[in-house]
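Novice: Following this line is input16.cif, made up of mmCIF, C-alpha atoms:
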data_run
#
loop_
_atom_site.label_atom_id
_atom_site.label_comp_id
_atom_site.auth_asym_id
_atom_site.auth_seq_id
_atom_site.Cartn_x
_atom_site.Cartn_y
_atom_site.Cartn_z
CA MET A 1 0.00 0.00 0.00
CA THR A 2 1.39 3.39 -0.95
CA VAL A 3 0.93 5.98 1.76
CA ARG A 4 3.02 8.76 0.31
CA ASP A 5 1.64 12.23 0.88
CA SER A 6 2.85 15.80 0.71
CA SER A 7 5.27 15.30 3.59
CA PHE A 8 7.01 12.48 1.72
CA ASP A 9 8.51 14.93 -0.80
CA ARG A 10 10.07 16.92 2.01
CA ILE A 11 11.52 13.83 3.64
CA ARG A 12 12.78 12.53 0.28
CA GLU A 13 14.49 15.84 -0.39
CA GLU A 14 16.19 15.80 3.02
CA VAL A 15 17.27 12.20 2.57
CA SER A 16 18.63 12.74 -0.95
CA ARG A 17 20.89 15.52 0.36
CA ASP A 18 22.92 13.06 2.37
CA LEU A 19 23.04 9.56 0.98
CA ARG A 20 26.66 8.74 1.59
CA PRO A 21 27.11 5.01 2.16
CA LEU A 22 27.37 4.11 5.82
CA ARG A 23 28.78 1.04 7.45
CA PRO A 24 26.37 -0.56 9.93
CA ILE A 25 27.31 -0.26 13.53
CA ARG A 26 29.37 -3.20 14.80
CA ALA A 27 28.06 -5.77 17.23
CA PRO A 28 28.58 -4.73 20.88
CA TRP A 29 30.88 -7.66 21.64
CA SER A 30 33.08 -6.66 18.72
CA SER A 31 33.23 -2.92 19.49
CA SER A 32 33.92 -3.73 23.13
CA LEU A 33 37.11 -5.55 22.21
CA ILE A 34 38.71 -2.12 22.39
CA ALA A 35 38.86 -2.86 26.13
CA ILE A 36 41.83 -5.18 25.47
CA PRO A 37 44.24 -2.61 23.95
CA LEU A 38 43.03 -0.05 26.50
CA ALA A 39 43.82 -2.47 29.35
CA LEU A 40 47.27 -3.12 27.86
CA VAL A 41 47.99 0.61 27.61
CA LEU A 42 46.88 1.14 31.21
CA LEU A 43 48.93 -1.86 32.32
CA SER A 44 52.06 -0.49 30.64
CA PHE A 45 51.43 2.89 32.26
CA VAL A 46 50.96 1.42 35.74
CA LEU A 47 53.99 -0.86 35.47
CA LEU A 48 56.14 1.92 34.08
CA PHE A 49 55.21 4.72 36.47
CA TYR A 50 54.01 2.97 39.63
CA GLY A 51 55.37 -0.59 39.45
CA LEU A 52 53.91 -3.80 40.85
CA ARG A 53 52.91 -3.86 44.51
CA SER A 54 55.80 -4.56 46.87
CA ASP A 55 54.44 -7.92 48.09
CA ALA A 56 53.69 -9.22 44.58
CA ALA A 57 56.20 -12.05 44.90
CA ALA A 58 54.74 -13.19 48.23
CA ILE A 59 51.18 -13.17 46.90
CA GLY A 60 51.97 -15.29 43.86
CA ALA A 61 50.87 -15.02 40.26
CA TRP A 62 47.29 -16.32 40.40
CA PRO A 63 45.98 -14.41 43.45
CA LEU A 64 47.53 -11.23 42.06
CA TRP A 65 46.84 -11.41 38.32
CA GLY A 66 43.70 -13.57 38.47
CA PRO A 67 41.35 -11.07 40.16
CA ALA A 68 42.84 -8.27 38.04
CA ALA A 69 42.15 -10.21 34.83
CA PHE A 70 38.67 -11.09 36.09
CA MET A 71 37.98 -7.42 36.77
CA VAL A 72 39.08 -6.50 33.25
CA ALA A 73 36.81 -9.26 31.87
CA ALA A 74 33.93 -7.90 33.97
CA ALA A 75 34.67 -4.41 32.59
CA TYR A 76 34.44 -5.87 29.09
CA GLY A 77 31.04 -7.38 29.99
CA VAL A 78 29.71 -4.06 31.28
CA LEU A 79 31.03 -2.34 28.16
CA VAL A 80 29.16 -4.88 26.00
CA LEU A 81 25.98 -4.03 27.94
CA ALA A 82 26.61 -0.29 27.47
CA LEU A 83 27.27 -0.60 23.75
CA SER A 84 24.30 -2.92 23.21
CA GLN A 85 22.26 0.20 23.91
CA ARG A 86 23.51 1.87 20.73
CA THR A 87 20.82 0.16 18.68
CA PRO A 88 17.44 1.57 19.65
CA ASP A 89 15.60 -1.76 19.48
CA SER A 90 17.60 -3.31 22.31
CA THR A 91 16.78 -1.55 25.53
CA LEU A 92 17.98 -2.80 28.90
CA ARG A 93 15.48 -3.10 31.69
CA TRP A 94 15.42 -0.69 34.60
CA THR A 95 16.49 -3.47 36.98
CA ALA A 96 19.87 -3.35 35.24
CA TRP A 97 20.32 0.08 36.87
CA ILE A 98 20.73 -1.66 40.21
CA LEU A 99 22.03 -5.11 39.33
CA VAL A 100 24.97 -4.12 37.14
CA PRO A 101 26.55 -1.57 39.55
CA LEU A 102 25.97 -4.02 42.43
CA GLY A 103 27.60 -6.81 40.41
CA ALA A 104 30.55 -4.54 39.61
CA VAL A 105 31.04 -3.73 43.30
CA ALA A 106 30.78 -7.41 44.26
CA VAL A 107 33.36 -8.49 41.66
CA GLN A 108 35.71 -5.75 42.78
CA ILE A 109 35.52 -6.33 46.50
CA GLY A 110 35.43 -10.12 46.09
CA GLY A 111 38.60 -10.08 44.00
CA ALA A 112 40.34 -7.78 46.44
CA TYR A 113 39.35 -10.01 49.35
CA LEU A 114 40.83 -13.01 47.55
CA THR A 115 44.11 -11.18 47.02
CA SER A 116 44.13 -9.92 50.63
CA ARG A 117 44.13 -13.52 51.90
CA TYR A 118 47.54 -14.00 50.33
CA SER A 119 49.00 -10.56 50.91
CA VAL A 120 51.52 -9.73 53.59
CA ALA A 121 49.92 -7.57 56.29
CA SER A 122 50.91 -3.98 55.81
CA ALA A 123 51.01 -1.10 58.23
CA PRO A 124 47.90 1.07 58.44
CA VAL A 125 47.93 3.89 55.94
CA GLN A 126 46.68 7.37 56.66
CA TRP A 127 43.70 8.60 54.67
CA PRO A 128 45.50 11.10 52.43
CA SER A 129 47.60 8.23 51.03
CA GLU A 130 44.51 6.08 50.66
CA ALA A 131 42.77 8.87 48.81
CA MET A 132 45.63 8.83 46.33
CA CYS A 133 44.27 5.49 45.08
CA MET A 134 40.93 7.10 44.32
CA PHE A 135 42.63 9.97 42.52
CA ARG A 136 44.85 7.70 40.42
CA ILE A 137 42.08 5.26 39.50
CA SER A 138 39.83 8.17 38.49
CA LEU A 139 42.63 9.60 36.39
CA LEU A 140 43.42 6.25 34.75
CA GLY A 141 39.70 5.71 34.12
CA VAL A 142 39.27 8.89 32.14
CA VAL A 143 40.64 7.53 28.85
CA PRO A 144 38.68 4.24 28.80
CA ALA A 145 35.50 5.99 29.99
CA LEU A 146 35.82 8.68 27.30
CA THR A 147 36.47 6.00 24.68
CA ALA A 148 33.39 4.07 25.80
CA LEU A 149 31.26 7.23 25.77
CA TRP A 150 32.56 8.14 22.32
CA LEU A 151 31.60 4.69 21.03
CA LEU A 152 28.20 5.14 22.63
CA THR A 153 27.55 8.44 20.90
CA ARG A 154 27.86 6.67 17.54
CA GLY A 155 24.51 5.05 18.25
CA LEU A 156 21.03 5.98 19.37
CA PRO A 157 20.46 4.70 22.90
CA LEU A 158 16.92 5.21 24.13
CA ARG A 159 18.17 5.53 27.71
CA PRO A 160 21.32 7.61 27.45
CA LYS A 161 21.67 8.03 31.23
CA LEU A 162 21.77 4.27 31.79
CA ALA A 163 24.06 3.67 28.82
CA GLY A 164 26.37 6.50 29.98
CA LEU A 165 26.46 5.11 33.51
CA PHE A 166 27.47 1.68 32.20
CA ALA A 167 30.10 3.13 29.86
CA GLY A 168 31.58 5.08 32.79
CA LEU A 169 31.48 2.01 35.03
CA ALA A 170 33.27 -0.04 32.38
CA GLY A 171 36.01 2.60 32.14
CA GLY A 172 36.37 2.75 35.93
CA MET A 173 36.43 -1.03 36.31
CA LEU A 174 39.10 -1.35 33.66
CA ALA A 175 41.27 1.23 35.43
CA GLU A 176 40.74 -0.36 38.83
CA GLY A 177 41.45 -3.83 37.51
CA VAL A 178 44.87 -2.68 36.34
CA TYR A 179 45.66 -0.32 39.23
CA ARG A 180 45.07 -3.01 41.84
CA LEU A 181 48.32 -4.61 40.61
CA HIS A 182 50.13 -1.64 42.13
CA CYS A 183 48.11 -0.90 45.25
CA GLY A 184 49.53 -2.71 48.27
CA LEU A 185 46.25 -2.66 50.22
CA SER A 186 43.68 -5.31 49.35
CA HIS A 187 41.54 -5.46 52.47
CA PRO A 188 37.91 -4.48 51.86
CA GLY A 189 38.19 -1.60 54.35
CA HIS A 190 40.46 0.16 51.89
CA VAL A 191 39.09 -1.18 48.60
CA ALA A 192 35.41 -0.45 49.25
CA PRO A 193 35.66 3.30 49.89
CA TRP A 194 38.65 4.26 47.76
CA HIS A 195 38.71 1.85 44.83
CA THR A 196 35.00 1.15 44.51
CA GLY A 197 34.35 4.81 45.23
CA ALA A 198 36.51 5.77 42.25
CA VAL A 199 34.72 3.31 39.96
CA LEU A 200 31.32 4.60 41.05
CA VAL A 201 32.41 8.22 40.62
CA ILE A 202 33.47 7.53 37.02
CA GLY A 203 30.22 5.64 36.46
CA LEU A 204 28.21 8.56 37.80
CA LEU A 205 30.12 10.96 35.57
CA GLY A 206 29.18 8.73 32.63
CA GLY A 207 25.56 8.94 33.77
CA VAL A 208 25.81 12.73 33.99
CA PHE A 209 27.18 12.76 30.45
CA GLY A 210 24.16 10.67 29.39
CA LEU A 211 21.84 13.13 31.08
CA TRP A 212 23.52 16.05 29.31
CA TRP A 213 23.34 14.21 26.01
CA GLU A 214 19.64 13.47 26.47
CA ARG A 215 18.88 17.10 27.30
CA ASN A 216 20.88 18.19 24.30
CA ARG A 217 18.86 15.90 22.09
CA ILE A 218 15.61 17.35 23.47
CA ARG A 219 16.93 20.88 22.90
CA ARG A 220 17.85 20.03 19.31
CA PHE A 221 14.46 18.42 18.82
CA LEU A 222 12.79 21.62 20.05
CA ASN A 223 14.98 23.80 17.86
CA GLN A 224 14.24 21.75 14.76
CA ARG A 225 10.54 22.12 15.36
CA SER A 226 10.50 25.82 16.17
CA MET B 227 17.71 -1.76 4.31
CA LEU B 228 21.24 -2.72 3.34
CA GLU B 229 20.84 -1.00 -0.04
CA TYR B 230 19.63 2.09 1.79
CA GLN B 231 22.71 1.98 4.00
CA HIS B 232 24.75 1.79 0.80
CA GLY B 233 23.17 5.07 -0.31
CA GLU B 234 20.36 4.13 -2.69
CA LEU B 235 17.43 6.52 -2.72
CA ALA B 236 15.09 3.95 -4.30
CA ALA B 237 15.73 1.69 -1.32
CA PHE B 238 14.68 4.49 1.01
CA GLU B 239 11.46 4.98 -0.96
CA ALA B 240 10.68 1.26 -0.75
CA LEU B 241 11.42 1.31 2.96
CA TYR B 242 9.12 4.30 3.43
CA ASP B 243 6.29 2.53 1.61
CA ARG B 244 6.77 -0.54 3.76
CA LEU B 245 7.19 1.11 7.14
CA ALA B 246 5.09 4.27 7.02
CA PRO B 247 1.68 2.59 7.61
CA ARG B 248 2.95 0.81 10.71
CA ILE B 249 4.78 3.81 12.10
CA ARG B 250 1.74 5.97 11.47
CA SER B 251 -0.45 3.46 13.33
CA TYR B 252 2.01 3.37 16.20
CA LEU B 253 2.21 7.14 16.48
CA SER B 254 -1.55 7.56 16.19
CA TYR B 255 -2.02 5.09 19.02
CA VAL B 256 0.39 6.82 21.37
CA THR B 257 -0.28 10.47 20.50
CA TRP B 258 -3.97 10.12 19.66
CA ASN B 259 -3.80 13.21 17.55
CA HIS B 260 -3.82 13.40 13.77
CA ALA B 261 -1.64 16.48 13.32
CA THR B 262 0.93 15.30 15.86
CA THR B 263 1.02 11.88 14.24
CA GLU B 264 1.81 13.31 10.80
CA ASP B 265 4.36 15.67 12.29
CA LEU B 266 6.12 12.89 14.21
CA LEU B 267 5.95 10.55 11.22
CA GLN B 268 8.11 12.99 9.28
CA GLU B 269 10.42 13.39 12.24
CA THR B 270 10.69 9.61 12.62
CA PHE B 271 11.80 9.11 9.03
CA LEU B 272 14.34 11.88 9.36
CA GLN B 273 15.63 10.22 12.50
CA ILE B 274 15.68 6.84 10.74
CA HIS B 275 17.80 8.47 8.06
CA ARG B 276 20.21 10.01 10.56
CA SER B 277 20.45 6.72 12.48
CA ARG B 278 20.44 4.30 9.56
CA HIS B 279 23.87 3.04 10.56
CA THR B 280 22.41 1.74 13.86
CA TYR B 281 20.52 -0.95 11.99
CA ARG B 282 22.52 -4.17 12.13
CA PRO B 283 22.12 -6.57 9.20
CA GLY B 284 20.29 -9.76 9.97
CA ARG B 285 17.97 -8.22 12.53
CA PRO B 286 14.31 -7.47 11.77
CA VAL B 287 13.76 -3.95 10.44
CA GLN B 288 10.34 -3.29 11.88
CA PRO B 289 11.15 -3.38 15.63
CA TRP B 290 14.16 -1.18 14.92
CA ALA B 291 12.00 1.37 13.09
CA ILE B 292 9.27 1.26 15.75
CA ALA B 293 11.94 1.80 18.42
CA ILE B 294 13.05 4.95 16.59
CA ALA B 295 9.42 6.09 16.35
CA ARG B 296 9.19 5.51 20.09
CA HIS B 297 12.34 7.54 20.62
CA VAL B 298 10.87 10.42 18.60
CA TYR B 299 7.61 10.19 20.53
CA LEU B 300 9.46 10.24 23.87
CA MET B 301 11.48 13.27 22.70
CA PHE B 302 8.22 14.96 21.79
CA ARG B 303 6.69 14.14 25.17
CA ARG B 304 9.74 15.34 27.09
CA ALA B 305 9.95 18.48 24.97
CA ALA B 306 6.24 19.09 25.60
CA ALA B 307 6.79 18.64 29.33
CA ARG B 308 9.67 21.07 29.19
CA ARG B 309 7.50 23.62 27.50
CA ALA B 310 4.80 22.87 30.08
CA ARG B 311 2.47 22.22 27.19
CA HIS B 312 0.17 19.26 27.14
CA GLU B 313 -0.82 17.27 24.13
CA ASP B 314 -4.07 18.11 22.54
CA GLU B 315 -5.88 14.86 22.99
CA SER B 316 -8.53 15.65 20.44
CA LEU B 317 -10.51 12.73 19.15
CA GLU B 318 -9.36 12.86 15.62
CA PRO B 319 -6.94 10.00 15.18
CA PRO B 320 -5.99 8.98 11.67
CA ASP B 321 -6.93 5.63 10.27
CA PHE B 322 -5.98 3.06 12.87
CA PRO B 323 -6.32 -0.72 13.21
CA VAL B 324 -8.83 -2.16 15.67
CA PRO B 325 -7.65 -4.95 17.99
CA PRO B 326 -9.21 -8.26 16.83
CA ALA B 327 -9.91 -9.13 20.47
CA VAL B 328 -12.52 -6.37 20.74
CA GLU B 329 -13.68 -5.75 17.19
CA LYS B 330 -16.74 -7.95 17.67
CA LEU B 331 -17.71 -6.21 20.89
CA ALA B 332 -18.49 -2.81 19.44
CA THR B 333 -18.40 -0.57 16.42
CA ARG B 334 -15.21 1.02 15.20
CA ASN B 335 -16.24 4.40 16.61
CA ALA B 336 -16.98 2.91 20.01
CA VAL B 337 -13.58 1.21 20.06
CA MET B 338 -11.99 4.50 19.11
CA ARG B 339 -13.73 6.31 21.98
CA ALA B 340 -12.74 3.57 24.40
CA LEU B 341 -9.12 3.65 23.25
CA ALA B 342 -9.09 7.41 23.77
CA THR B 343 -9.74 6.89 27.48
CA LEU B 344 -6.66 4.68 27.90
CA THR B 345 -3.24 6.05 28.73
CA ALA B 346 -0.63 6.20 25.94
CA ASP B 347 1.28 3.29 27.55
CA ARG B 348 -1.79 1.08 27.48
CA ARG B 349 -2.69 2.02 23.93
CA GLU B 350 0.88 1.21 22.97
CA ALA B 351 0.58 -2.22 24.62
CA VAL B 352 -2.73 -2.90 22.84
CA LEU B 353 -1.19 -2.05 19.48
CA LEU B 354 2.06 -3.94 19.91
CA HIS B 355 0.63 -7.15 21.29
CA HIS B 356 -3.06 -7.39 20.45
CA VAL B 357 -2.97 -5.79 17.01
CA TRP B 358 0.48 -6.52 15.64
CA GLY B 359 1.09 -9.74 17.52
CA PHE B 360 4.47 -8.82 19.03
CA SER B 361 5.45 -11.52 21.52
CA TYR B 362 5.88 -10.45 25.15
CA GLY B 363 9.62 -10.92 24.72
CA GLU B 364 9.74 -8.63 21.66
CA MET B 365 7.54 -6.11 23.42
CA GLY B 366 9.75 -6.20 26.51
CA ALA B 367 12.91 -5.68 24.43
CA LEU B 368 11.34 -2.69 22.69
CA LEU B 369 10.00 -1.04 25.84
CA GLY B 370 12.88 -2.00 28.14
CA ILE B 371 10.68 -4.00 30.51
CA ARG B 372 10.62 -7.63 31.63
CA GLU B 373 8.64 -10.17 29.67
CA GLY B 374 6.32 -10.67 32.65
CA THR B 375 5.75 -6.93 32.94
CA ALA B 376 4.98 -6.75 29.22
CA LYS B 377 2.45 -9.55 29.62
CA LEU B 378 0.82 -7.81 32.56
CA ARG B 379 0.69 -4.48 30.74
CA ALA B 380 -0.88 -6.01 27.63
CA HIS B 381 -3.38 -7.94 29.74
CA ARG B 382 -4.38 -4.92 31.81
CA ALA B 383 -4.64 -2.74 28.73
CA LEU B 384 -7.02 -5.15 27.03
CA ASN B 385 -9.06 -5.54 30.21
CA ALA B 386 -9.32 -1.77 30.54
CA LEU B 387 -10.42 -1.52 26.93
CA ARG B 388 -13.04 -4.24 27.39
CA GLU B 389 -14.24 -2.62 30.59
CA GLN B 390 -14.55 0.72 28.87
CA LEU B 391 -16.45 -0.82 25.99
CA GLY B 392 -18.73 -2.62 28.44
CA THR B 393 -19.47 0.63 30.25
CA GLU B 394 -20.18 2.39 27.00
CA LEU B 395 -22.50 -0.38 25.78
CA SER B 396 -24.43 -0.50 29.04
CA GLU B 397 -24.79 3.30 29.01
CA ARG B 398 -26.21 3.08 25.53
CA GLU B 399 -28.64 0.35 26.49
CA GLN B 400 -29.95 2.48 29.37
#
The structure in this file should be written as structure tokens.

Specialist:
Amino acid sequence: MTVRDSSFDRIREEVSRDLRPLRPIRAPWSSSLIAIPLALVLLSFVLLFYGLRSDAAAIGAWPLWGPAAFMVAAAYGVLVLALSQRTPDSTLRWTAWILVPLGAVAVQIGGAYLTSRYSVASAPVQWPSEAMCMFRISLLGVVPALTALWLLTRGLPLRPKLAGLFAGLAGGMLAEGVYRLHCGLSHPGHVAPWHTGAVLVIGLLGGVFGLWWERNRIRRFLNQRS
Amino acid sequence: MLEYQHGELAAFEALYDRLAPRIRSYLSYVTWNHATTEDLLQETFLQIHRSRHTYRPGRPVQPWAIAIARHVYLMFRRAAARRARHEDESLEPPDFPVPPAVEKLATRNAVMRALATLTADRREAVLLHHVWGFSYGEMGALLGIREGTAKLRAHRALNALREQLGTELSEREQ
């Protein structure tokens, strides 16, 4: 059935102005593979500038590298979820708002707890030094979070706040997963506020970006119609 | 769709012919206003054009296009809320399909009046499930809700429609 009317000519004209061939967006699992080179870059940076934690030899390879690798894998998973939102017909449920950040926190603290069982007890550290972890993780998380957000903006997520939050979380988790190889404190009392805090802060910043993006889209929508 | 992504205008025209009736039905169900529907139909196709790269080959085109129509409608609703302007819910919807589950219960006009009393979310559920036959899973993926929630919403929407039709019929009989 042909339903063309007067408005069709206008749409056709607009469309014919820009018909450059476009490559379809890649599958989320494929785009998210960027997490691997990003993790390697962060790893090189951490090893070069900060070095491995002092008790790395005592902890052993698996309890040290295992949770870090698992955290990077979890970051990849969250990035896949974030980038799956680029296609408008796949929308995550609202329950994901709660479950994914909770899962991220659980993976992080669980991994740190595992490492702490093997680590050599260290002297208590004053809070300004502990806060340095938060600062460094946030700083390291900027590049992966920005990359994830950039990849996100190539699509049309129907819930930009949620997608932005997940992209930020993925960036933060990636940074934390690598930085934990340097940080000598693995007990949950340190990890929960300073490491998890940093991841959540980057996630929230991603969410704020999503909010800004959504408002911008509404503003553009209003401008086009006025 | 792939030819359209490769830049062929004829492919866009074919896509328009195929999708416009459905998108128009969808928008008329959720906005319940003829002028707004036509306006948003244009906007939806422009958005489809701008976002044509977000279609991934191998996936069905229709849910993707309806999701973009939904995005445009939500933009419209949020923009309207920002302007503190409410939709004009005038009873002049364009041609719209009647759910088979209720078409024997009343005339087309009566169904239209009953649909007008439902919220946009419920009308959307009636259209997606009871008219177009979207499964609860497909509906949930489109709306970002669980399959069970989609089932409940579709069920409640149809019940509300039946209830409204029943009220209208009994009022007429009196």

Novice: Run through the PyMOL selection byres ((chain B) within 8 of (chain A)) on the given coordinates and return the selected residues as a JSON list (two decimals) with C-alpha atoms, in the frame of the given file.

Specialist:
[["chain", "number", "residue", "atom", "x", "y", "z"],
["B", 231, "GLN", "CA", 22.71, 1.98, 4.00],
["B", 232, "HIS", "CA", 24.75, 1.79, 0.80],
["B", 233, "GLY", "CA", 23.17, 5.07, -0.31],
["B", 234, "GLU", "CA", 20.36, 4.13, -2.69],
["B", 235, "LEU", "CA", 17.43, 6.52, -2.72],
["B", 239, "GLU", "CA", 11.46, 4.98, -0.96],
["B", 243, "ASP", "CA", 6.29, 2.53, 1.61],
["B", 244, "ARG", "CA", 6.77, -0.54, 3.76],
["B", 246, "ALA", "CA", 5.09, 4.27, 7.02],
["B", 247, "PRO", "CA", 1.68, 2.59, 7.61],
["B", 268, "GLN", "CA", 8.11, 12.99, 9.28],
["B", 271, "PHE", "CA", 11.80, 9.11, 9.03],
["B", 272, "LEU", "CA", 14.34, 11.88, 9.36],
["B", 275, "HIS", "CA", 17.80, 8.47, 8.06],
["B", 277, "SER", "CA", 20.45, 6.72, 12.48],
["B", 278, "ARG", "CA", 20.44, 4.30, 9.56],
["B", 279, "HIS", "CA", 23.87, 3.04, 10.56],
["B", 280, "THR", "CA", 22.41, 1.74, 13.86],
["B", 281, "TYR", "CA", 20.52, -0.95, 11.99],
["B", 282, "ARG", "CA", 22.52, -4.17, 12.13],
["B", 283, "PRO", "CA", 22.12, -6.57, 9.20],
["B", 289, "PRO", "CA", 11.15, -3.38, 15.63],
["B", 290, "TRP", "CA", 14.16, -1.18, 14.92],
["B", 291, "ALA", "CA", 12.00, 1.37, 13.09],
["B", 292, "ILE", "CA", 9.27, 1.26, 15.75],
["B", 293, "ALA", "CA", 11.94, 1.80, 18.42],
["B", 294, "ILE", "CA", 13.05, 4.95, 16.59],
["B", 297, "HIS", "CA", 12.34, 7.54, 20.62],
["B", 301, "MET", "CA", 11.48, 13.27, 22.70],
["B", 302, "PHE", "CA", 8.22, 14.96, 21.79],
["B", 304, "ARG", "CA", 9.74, 15.34, 27.09],
["B", 305, "ALA", "CA", 9.95, 18.48, 24.97],
["B", 367, "ALA", "CA", 12.91, -5.68, 24.43],
["B", 368, "LEU", "CA", 11.34, -2.69, 22.69],
["B", 369, "LEU", "CA", 10.00, -1.04, 25.84],
["B", 370, "GLY", "CA", 12.88, -2.00, 28.14],
["B", 371, "ILE", "CA", 10.68, -4.00, 30.51],
["B", 372, "ARG", "CA", 10.62, -7.63, 31.63]]

Novice: Which residue gives the smallest distance to Ala104 in chain A among A:Gly168, A:Gly206, A:Pro37, A:Pro144, with only C-alpha atoms counted?

Specialist: A:Gly168

Novice: Find the distance between CA of Leu169 in chain A and CA of Thr153 in chain A and write it in Å to one decimal.

Specialist: 16.0 Å

Novice: Which is closest to Leu79 in chain A among A:Leu48, A:Val208, A:Ala35, A:Ala198, if we use only C-alpha atoms?

Specialist: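 Going through A:Leu48, A:Val208, A:Ala35, A:Ala198 one by one, the smallest distance to Leu79 in chain A is for A:Ala35.
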
Novice: Any idea what's packed within 8 Å of range 56-68 of chain A, counting all atoms listed in the file, ignoring anything in its chain fewer than 6 positions away? Could you give it as a PyMOL selection string?

Specialist: chain A and resi 111-112+114-115+118-120+177-178+180-181

Novice: Between A:Gly103, A:Pro160, A:Gly141, A:Gly77, which residue has the minimum interatomic distance to His195 in chain A, considering all atoms listed in the file?

Specialist: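 Among the listed residues, the smallest separation from His195 in chain A belongs to A:Gly141.
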
Novice: Can you translate the PyMOL selection byres ((chain B and resi 342) around 9) into the concrete residues it hits in this file, as a list of chain:residue names?

Specialist: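 So the PyMOL selection byres ((chain B and resi 342) around 9) ends up selecting B:Tyr255, B:Trp258, B:Glu315, B:Ser316, B:Leu317, B:Val337, B:Met338, B:Arg339, B:Ala340, B:Leu341, B:Thr343, B:Leu344, B:Thr345, B:Ala346, B:Arg349.
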
Novice: Just how far from CA of Gly203 in chain A is CA of Leu165 in chain A, in Å to one decimal?

Specialist: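 Computing it gives 4.8 Å between the two atoms.
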
Novice: The PyMOL selection byres ((chain B and resi 251) around 9) on the file shown: which residues, as a compact mmCIF listing (two decimals) with C-alpha atoms, in the frame of the given file?

Specialist:
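Full text of result.txt as output:
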# COMPACT_ATOMS: atom_id res chain seq x y z
CA ALA B 246 5.09 4.27 7.02
CA PRO B 247 1.68 2.59 7.61
CA ARG B 248 2.95 0.81 10.71
CA ILE B 249 4.78 3.81 12.10
CA ARG B 250 1.74 5.97 11.47
CA TYR B 252 2.01 3.37 16.20
CA LEU B 253 2.21 7.14 16.48
CA SER B 254 -1.55 7.56 16.19
CA TYR B 255 -2.02 5.09 19.02
CA VAL B 256 0.39 6.82 21.37
CA THR B 263 1.02 11.88 14.24
CA PRO B 320 -5.99 8.98 11.67
CA ASP B 321 -6.93 5.63 10.27
CA PHE B 322 -5.98 3.06 12.87
CA PRO B 323 -6.32 -0.72 13.21
CA LEU B 353 -1.19 -2.05 19.48

Novice: For Val142 in chain A, which of A:Gly210, A:Trp29, A:Leu38, A:Ile109 is the closest residue, counting all atoms listed in the file?

Specialist: A:Leu38

Novice: Between CA of Leu245 in chain B and CA of Arg17 in chain A, what is the spacing in Å?

Specialist: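 These atoms are spaced 21.0 Å apart.
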
Novice: Measuring atom to atom with only C-alpha atoms, identify which of A:Leu205, A:Ala75, A:Ser54, A:Gly189 is nearest to Tyr113 in chain A.

Specialist: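 Of all the options, A:Gly189 lies closest to Tyr113 in chain A.
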
Novice: Put a box with edges along x, y and z around all the listed atoms of range 35-42 of chain A, pad it by 4 Å on each side, then give me its centre and sizes in Å, one decimal, as lines of an AutoDock Vina configuration file.

Specialist:
center_x = 43.4
center_y = -2.0
center_z = 27.6
size_x = 17.1
size_y = 14.3
size_z = 15.3

Novice: With distances taken over all atoms listed in the file, which residue among A:Phe70, A:Tyr76, A:Trp194, A:Tyr50 lies nearest Ser30 in chain A?

Specialist: A:Tyr76

Novice: Using only C-alpha atoms, what residues lie at most 12 Å away from (35.3, 4.4, 45.8) (file coordinates), given as a PyMOL selection string?

Specialist: chain A and resi 104-105+108-109+130-138+169+172-173+176+188-204
